[in-house]
Amino acid sequence: MPKDTSIKSVLIIGSGPIIIGQACEFDYAGSQAALSLKDEGISVSIINSNPATIMTDKVIADHVYLLPLTCESIEQILQEQKIDAVLPTMGGQTALNLCIEASERGIWEKYGVKVVGVDVAAIEKTENREAFRQLMVDIGVGVAKSKIANSFLEGKEGAQEIGFPLVIRPSYTLGGKGAGFVHKKEDFDAALSRGLQASPTHEVLVEQAVLGWKEYELELLRDNRDNVIIICSIENFDPMGIHTGDSITVAPAMTLSDRCYQQMRNQAIKMMRAIGNFAGGCNVQFSVNPANEEIIAIEINPRVSRSSALASKATGYPIAKIAAKLAIGYNLDEIENQITKTTSAYFEPTLDYVIVKIPRWNFDKFKGANRELGLQMKSVGEVMGIGRSFIEALQKACQSLEIGRAGLGADGRQSRNLEEIMHSLEHPSWDRLFHIYDAMSLGVPMESIRKVTKIDRWFLNQIQDVVNLENELRRYSLNNIPDDFFYTLKQKGFSDTQIAYILGNVTEEDVYQRRKELGLRRVYKMVDTCAAEFAAQTPYYYSTYEGENESKVSDRKKIIVLGSGPNRIGQGIEFDYSCVHGLLAAKEAGYEAIMVNCNPETVSTDFNMADKLYFEPVFWEHVREIIDLEKPEGVIVQLGGQTALKMAEKLHAHGIKIIGTSFDNMDIAEDRGRFSDLLKDLGIPYPKYGVAESAEEALEVAHEVGYPVLVRPSYVLGGQGMSIVINDEDLEKAVVNLLKNLPGNRVLIDHFLDRAAEAESDSIHDGEDVHIIGMMEHIEPAGIHSGDSYAVLPPFDLSDNVISQMEEYTEKVARALNVRGLLNIQFAIKDDKVYVIEANPRASRTVPFIAKAYDVPYINIAAKVMLGVNKIKDFTIQRKLKGYAIKEPVFSFDKFPEVNKELGPEMKSTGEAIRFIPNLMDPYFRHLYKEKSMYLSK
């Protein structure tokens with residue numbers, strides 16, 4: 001059936017601000033779907049309250065509504081736009097729940113809007129635990145023994161019938177909220193209460209716990225003719241008991257027998273057909289008993305999920321894009337294969353490489369948090385490695401994590417504490433993978449590790465192979481490593497840093513030069529979805545060590561944009577938004593735009609966003625070899641947050657041109673000491689400060705500048721390690737902790753301006769003119785990280801004198817740092833005097849917010865200024881904001897109920913929303929201001 005011609009306009013519901021369990025994978029899906037529908041001549045409207053995402057940008061949709069995700073907002077849009085259909089499957093649980101609520105209120109029916117991409121009844125069947133269990137029984141698909149409970153008494157009865165261990169799963173929640181294992185009777189009452197409270201319908205499933213079973217996922221697409229294809233099989237490295245969002249996952253499945261896989265396929269297809277009559281994407285999760293390959297269904301999600309983004313990047317098959325076309329009536333055989341351009345979308349991808357996803361956590365932000373992983377998701381982001389083997393992909397994923405690891409091991413970060421290691425194996429946390437390696441390197445028998453972790457022996461054998469290779473390497477020196485063994489090491493993903501560490505007395509550079517002499521260079525293979533069975537047109541590459549290089553270098557002028565790596569607190573989706581605009585600006589300026597990034601959730605790693613995509617770690621060795629191959633005019637580091645900025649020194653040292661602000665000027669801003677010296681020279685007020693390299697020096701500085709003091713390390717993002725202290729004892733503890741966790745760093749001691757107001761400016765400098773794009777005043781005073789503060793645009797309570805000082809200092813700093821592109825400055829204001837706290841000559845969290853509030857493409861303008869193709873005066877800038885815009889931080893403290901929720905100089909928010917108010921008499925603002933003022937006057 002061709003597309004439904006009655007659908008001329010579609011509303012896509014977004015997922016709102018980033019929270020743990022619902023990250024930017026839904027913005028990727030929504031952006032893909034919007035572009036896919038626009039290709040069909042359909043008018044696309046988007047509702048989403050998240051200003052930091054490209055999904056809410058004019059380049060994605062025809063109409064963007066930055067409104068709260070409520071039925072009232074939906075009705076406002078339907079009154080303003082003639083909407084024919086709503087697509088709720090791209091915005092995660094938030095979008096599905098809103099779609100159901102609007103359906104129950106009769107809103108879709110009232111405005112003649114049809115729900116596409118999913119059947120509302122299907123959502124009910126999959127989200128209601130008892131309805132799902134009964135449906136599986138009816139169609140002959142195995143499920144764990146379970147009982148539904150709507151009350152405490154029913155839950156107790158269910159536990160008695162099934163027996164321990166149990167798992168409690170609340171209905172209608174995302175990210176495993178409220179779910180948990182109960183191993184013994186004494187813990188059951190508290191766990192049941194938590195589950196009932198977490199469910200919006202006060203309903204839980206009390207279920208047999210299949211701990212230690214293997215876990216798998218299948219990604220499916222189905223069209224109107226009931227054709228179903230399996231896009232990807234995904235195997236969890238971790239067994240049942242850890243939320244799939246917190247599990248290391250591998251595609252394709254590595255340890256699945258063909259017989260079991262075929263059974264799983266058949267059951268998944270049967271499940272998808274049974275839940276309702278709809279066309280679109282679906283994610284199905286299964287558990288398999290390793291003893292006899294018995295299969296049980298865990299759940300089915302009739303929407304795109306975190307795994308859909310992973311499967312899309314793993315296969316190159318754009319699931320959300322195709323699902324959007326299926327939703328408007330197309331069938332799979334009527335849609336062009338985006339990769340080959342000659343075959344149809346009615347095919348199942350074939351992988352001749354391996355994908356490994358590793359989650360990224362931020363437990364360091366939540367002191368005292370329970371770090372043990374379980375049914376409730378706790379990770380804040382993820383990375384993906386692509387290699388020709390599992391171990392190569394695993395090592396590349398480890399290098400991508402931004403936690404200072406050079407691979408799986410052999411980098412000086414190993415633990416030698418056997419007791420700590422064995423405890424970690426039994427109680428999994430973020431570092432269990434590394435502790436498996438540590439245990440093996442200490443000689444712990446593999447069978448002991450398998451019994452404790454329940455991880456399949458095949459995976460453990462792969463890690464043992466890494467340990468064996470290291471032991472063999474220790475027999476050699478750099479100049480006598482046999483060529484074939486050196487080649488094997490690189491094929492197994494060993495970085496030059498690891499090899500240098502194992503050999504001792506040589507550097508990463510020495511290993512690189514030796515490799516170069518031997519002709520051991522990376523080649524790049526195409527992600528083509530069809531194992532080279534058909535010619536592919538997709539410029540999407542990963543590196544490995546083999547014969548043929550499939551990445552053909554053009555003779556065009558090139559710009560490389562370095563991405564921001566995994567999402568984490570302090571470095572979120574706003575940097576990916578910036579990178580996408582950097583790519584678009586480079587293309588518009590006539591350059592070949594090349595992206596390097598390793599985050600599968602993002603729009604920047606969509607294969608058709610850049611002219612060429614290298615899905616590689618943003619890790620020096622990988623970046624360097626891409627630059628060696630492509631020979632770009634320069635590299636943009638200003639848009640990818642701290643990940644990309646950390647590359648600037650290496651790029652500068654190797655004579656590689658940095659597009660925009662120079663390395664030395666960025667370094668002045670990053671080095672708190674150098675920056676304060678600059679402010680002194682410029683006559684700009686700043687808090688008194690000193691630099692210390694020991695606790696003794698810190699005490700001397702604190703006595704000189706006066707308590708209270710702000711203690712912080714140089715070169716950090718998101719306020720990592722910052723604290724405010726008021727006496728010698730607290731200062732000593734803070735400094736010792738900092739130097740222990742960030743060895744080699746210097747500690748900055750600033751006098752803290754107590755009860756000062758805080759404000760920010762963002763600007764663009766082109767070498768001649770400084771254009772201030774926005775000034776924001778924080779509702780909270782100084783002392784709370786700017787990312788955790790409510791910020792109001794334009795300022796609501798600053799005098800003309802203060803604003804003119806901010807303007808003057810912004811211009812002075814921009815010129816003194818010779819900024820080319822973006823500059824964010826943070827100010828403290830006390831007694832009508834403005835102090836500069838810090839300056840960041842890069843994209844910041846606030847620029848997308850300002851761009852959306854004023855409806856001006858500021859990142860695009862800044863990127864063109866950085867590239868030197870435009871001056872600020874070339875643009876006609878018209879701001880459209882009426883009233884005020886408020887940036888609202890969003891937190892995920894519900895995941896860590898045991899932590900201190902008090903805000904301070906270290907950032908804890910996971911995302912943000914935007915709210916527009918007409919004036920300062922708005923009840924929302926008055927309530928917010930009163931609440932924040934009271935909170936901070938304590």
# chains A, B, ... in the order shown; residues from 1 in each chain; ligands from 1
>>> residues_around(residues="region 303-318 of chain A", least_positions_apart="4", cutoff="7 Å", atoms="only C-alpha atoms", output="PDB file with C-alpha atoms, in the first residue's frame")
ATOM      1  CA  GLU A  25      18.164   8.338  21.880  1.00  0.00           C
ATOM      2  CA  THR A  89       6.478   6.195  19.261  1.00  0.00           C
ATOM      3  CA  MET A  90       9.585   8.400  18.995  1.00  0.00           C
ATOM      4  CA  GLY A  92       9.871   7.095  24.800  1.00  0.00           C
ATOM      5  CA  GLU A 219      14.703  -5.068  17.133  1.00  0.00           C
ATOM      6  CA  CYS A 232      19.324  -6.797  14.852  1.00  0.00           C
ATOM      7  CA  GLY A 281       9.129  -0.494  15.242  1.00  0.00           C
ATOM      8  CA  CYS A 282       9.248  -2.796  18.237  1.00  0.00           C
ATOM      9  CA  ILE A 322      11.783   3.674   8.151  1.00  0.00           C
ATOM     10  CA  PRO A 349      20.917  -6.393   7.805  1.00  0.00           C
ATOM     11  CA  LEU A 351      26.925  -7.685  10.034  1.00  0.00           C
ATOM     12  CA  ILE A 355      29.401  -3.935  18.051  1.00  0.00           C
ATOM     13  CA  VAL A 527      29.233   0.023   7.804  1.00  0.00           C
ATOM     14  CA  ASP A 528      27.134  -1.205   4.882  1.00  0.00           C
ATOM     15  CA  THR A 529      24.424  -3.407   6.547  1.00  0.00           C
ATOM     16  CA  PRO A 600      25.206   5.812  19.397  1.00  0.00           C
ATOM     17  CA  GLU A 601      22.338   7.863  20.866  1.00  0.00           C
TER      18      GLU A 601
END
>>> residues_around(residues="Val553 (chain A)", least_positions_apart="3", cutoff="9 Å", atoms="only C-alpha atoms", output="ChimeraX atom specification")
/A:556,629-630
>>> residues_around(residues="Tyr614 (chain A)", least_positions_apart="3", cutoff="9 Å", atoms="only C-alpha atoms", output="ChimeraX atom specification")
/A:524,539-543,594-598,605,617,626
>>> residues_around(residues="Gly112 (chain A)", least_positions_apart="2", cutoff="10 Å", atoms="only C-alpha atoms", output="ChimeraX atom specification")
/A:78,82-85,106-110,114-115
>>> write_last_selection(atoms="N, CA, C and O atoms", output="compact mmCIF listing (two decimals), in the first residue's frame")
# COMPACT_ATOMS: atom_id res chain seq x y z
N LEU A 78 -3.25 21.71 18.54
CA LEU A 78 -4.31 21.25 17.62
C LEU A 78 -5.26 22.39 17.26
O LEU A 78 -5.88 22.36 16.19
N LYS A 82 -3.62 22.47 11.73
CA LYS A 82 -4.49 21.36 11.26
C LYS A 82 -3.61 20.11 11.24
O LYS A 82 -2.81 19.92 10.35
N ILE A 83 -3.75 19.30 12.26
CA ILE A 83 -2.95 18.08 12.39
C ILE A 83 -3.79 16.88 11.98
O ILE A 83 -4.90 16.69 12.49
N ASP A 84 -3.26 16.06 11.08
CA ASP A 84 -3.99 14.86 10.63
C ASP A 84 -3.66 13.63 11.46
O ASP A 84 -4.50 12.75 11.64
N ALA A 85 -2.40 13.53 11.92
CA ALA A 85 -1.98 12.32 12.62
C ALA A 85 -0.95 12.66 13.68
O ALA A 85 -0.21 13.64 13.56
N GLY A 106 -10.26 12.04 25.04
CA GLY A 106 -11.01 12.25 23.80
C GLY A 106 -10.46 13.35 22.93
O GLY A 106 -11.14 13.84 22.01
N ILE A 107 -9.20 13.78 23.18
CA ILE A 107 -8.62 14.91 22.43
C ILE A 107 -8.39 14.54 20.96
O ILE A 107 -8.71 15.32 20.06
N TRP A 108 -7.83 13.35 20.71
CA TRP A 108 -7.58 12.97 19.32
C TRP A 108 -8.89 12.89 18.53
O TRP A 108 -8.97 13.36 17.40
N GLU A 109 -9.87 12.30 19.16
CA GLU A 109 -11.18 12.16 18.48
C GLU A 109 -11.81 13.53 18.22
O GLU A 109 -12.32 13.81 17.15
N LYS A 110 -11.72 14.41 19.20
CA LYS A 110 -12.31 15.75 19.09
C LYS A 110 -11.75 16.53 17.90
O LYS A 110 -12.48 17.23 17.19
N LYS A 114 -5.62 11.00 13.89
CA LYS A 114 -5.42 9.55 14.04
C LYS A 114 -4.05 9.27 14.64
O LYS A 114 -3.08 9.98 14.37
N VAL A 115 -3.97 8.26 15.48
CA VAL A 115 -2.70 7.84 16.09
C VAL A 115 -2.04 6.87 15.12
O VAL A 115 -2.65 5.86 14.72
>>> select_by_dssp(residues="region 458-684 of chain A", states="helix (DSSP H, G or I)", output="JSON, numbers by chain")
{"A": [458, 459, 460, 461, 462, 463, 464, 465, 466, 467, 468, 469, 470, 471, 472, 473, 478, 479, 480, 483, 484, 485, 486, 487, 488, 489, 490, 491, 496, 497, 498, 499, 500, 501, 502, 503, 508, 509, 510, 511, 512, 513, 514, 515, 516, 517, 518, 573, 574, 575, 576, 577, 578, 579, 580, 581, 582, 583, 584, 585, 586, 587, 588, 620, 621, 622, 623, 624, 625, 626, 627, 628, 629, 630, 641, 642, 643, 644, 645, 648, 649, 650, 651, 652, 653, 663, 664, 665, 666, 667, 668, 669, 670, 672, 673, 674, 675, 676, 677, 678, 679, 680, 681, 682]}
>>> residues_around(residues="region 883-898 of chain A", least_positions_apart="2", cutoff="7 Å", atoms="only C-alpha atoms", output="VMD selection string")
chain A and resid 17 19 to 20 368 to 369 378 787 to 794 853 881 900 908 to 919
>>> residues_around(residues="Gln262 (chain A)", least_positions_apart="5", cutoff="12 Å", atoms="only C-alpha atoms", output="count of residues only")
10
